[in-house]
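K.L.:
Before I ask anything, here is the structure I am working with.
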Amino acid sequence: MATGYCVKCKAAREIADPQQITMKNGRPATQGRCPVCGTKIFKIGAPTGAAPAAPEPTQAKPESTVPQR
Ligand SMILES: [Zn+2]
């Protein structure tokens, strides 16, 4: 369920009847309504399901291959 910020409730709400739209710059956005007060909620980003891949932290291996002899 996509969530957005309702400016009327001044709280984060679930976006009722979410619709994916495209902004002028080509970026995806989600538009819907607040299920509590019915105010239009606009959130930048695609709806859930198209979450951007989180970059996994690369584990740097300590290079301590110094031959001790
Ligand atoms: Zn609201």
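Within each chain, counting starts at residue 1; across the structure tokens, chains are named A, B, ... in the order shown, with ligands numbered 1 upward in that order.
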Where in chain A does DSSP assign strand (DSSP E or B), given as a PDB file with C-alpha atoms, in the first residue's frame?
P.N.:
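Printed below is selection_16.pdb as written:
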ATOM      1  CA  THR A   3       1.558   6.002   1.645  1.00  0.00           C
ATOM      2  CA  GLY A   4       1.825   9.739   1.346  1.00  0.00           C
ATOM      3  CA  TYR A   5       1.683  12.849   3.434  1.00  0.00           C
ATOM      4  CA  CYS A   6      -1.709  14.442   3.914  1.00  0.00           C
ATOM      5  CA  ALA A  11       0.207  13.003   9.026  1.00  0.00           C
ATOM      6  CA  ALA A  12       1.237  10.155   6.826  1.00  0.00           C
ATOM      7  CA  ARG A  13      -1.765   8.374   5.351  1.00  0.00           C
ATOM      8  CA  GLU A  14      -2.345   5.489   3.056  1.00  0.00           C
ATOM      9  CA  ALA A  16      -6.639   5.663  -1.305  1.00  0.00           C
ATOM     10  CA  ASP A  17      -7.312   4.935  -4.975  1.00  0.00           C
ATOM     11  CA  PRO A  18      -3.677   5.379  -5.934  1.00  0.00           C
ATOM     12  CA  GLN A  19      -2.937   6.168  -9.538  1.00  0.00           C
ATOM     13  CA  GLN A  20       0.473   6.226 -11.118  1.00  0.00           C
ATOM     14  CA  ILE A  21       1.079   9.334 -13.124  1.00  0.00           C
ATOM     15  CA  THR A  22       4.072  10.815 -14.858  1.00  0.00           C
ATOM     16  CA  PRO A  28       6.784   8.555 -11.938  1.00  0.00           C
ATOM     17  CA  ALA A  29       4.510   9.798  -9.200  1.00  0.00           C
ATOM     18  CA  THR A  30       1.535   8.528  -7.275  1.00  0.00           C
ATOM     19  CA  GLN A  31      -1.665  10.464  -6.897  1.00  0.00           C
ATOM     20  CA  GLY A  32      -4.604   9.527  -4.743  1.00  0.00           C
ATOM     21  CA  ARG A  33      -6.814  10.598  -1.884  1.00  0.00           C
ATOM     22  CA  LYS A  40      -5.683  14.776  -2.636  1.00  0.00           C
ATOM     23  CA  ILE A  41      -2.321  13.233  -1.837  1.00  0.00           C
ATOM     24  CA  PHE A  42       0.582  13.490  -4.193  1.00  0.00           C
ATOM     25  CA  LYS A  43       3.722  11.504  -3.763  1.00  0.00           C
ATOM     26  CA  ILE A  44       6.782  11.429  -5.936  1.00  0.00           C
TER      27      ILE A  44
END
K.L.:
Neighbours of ligand 1 within 8 Å, counting only C-alpha atoms and all ligand atoms, as a PyMOL selection string?
P.N.:
chain A and resi 6-11+13+33-39
K.L.:
Can you measure CA of Lys24 in chain A to CA of Met1 in chain A for me? One decimal in Å is fine.
P.N.:
24.5 Å
K.L.:
Considering only C-alpha atoms, can you say which of A:Val66, A:Ala46, A:Ala2, A:Ala60 comes closest to Ile15 in chain A?
P.N.:
A:Ala2
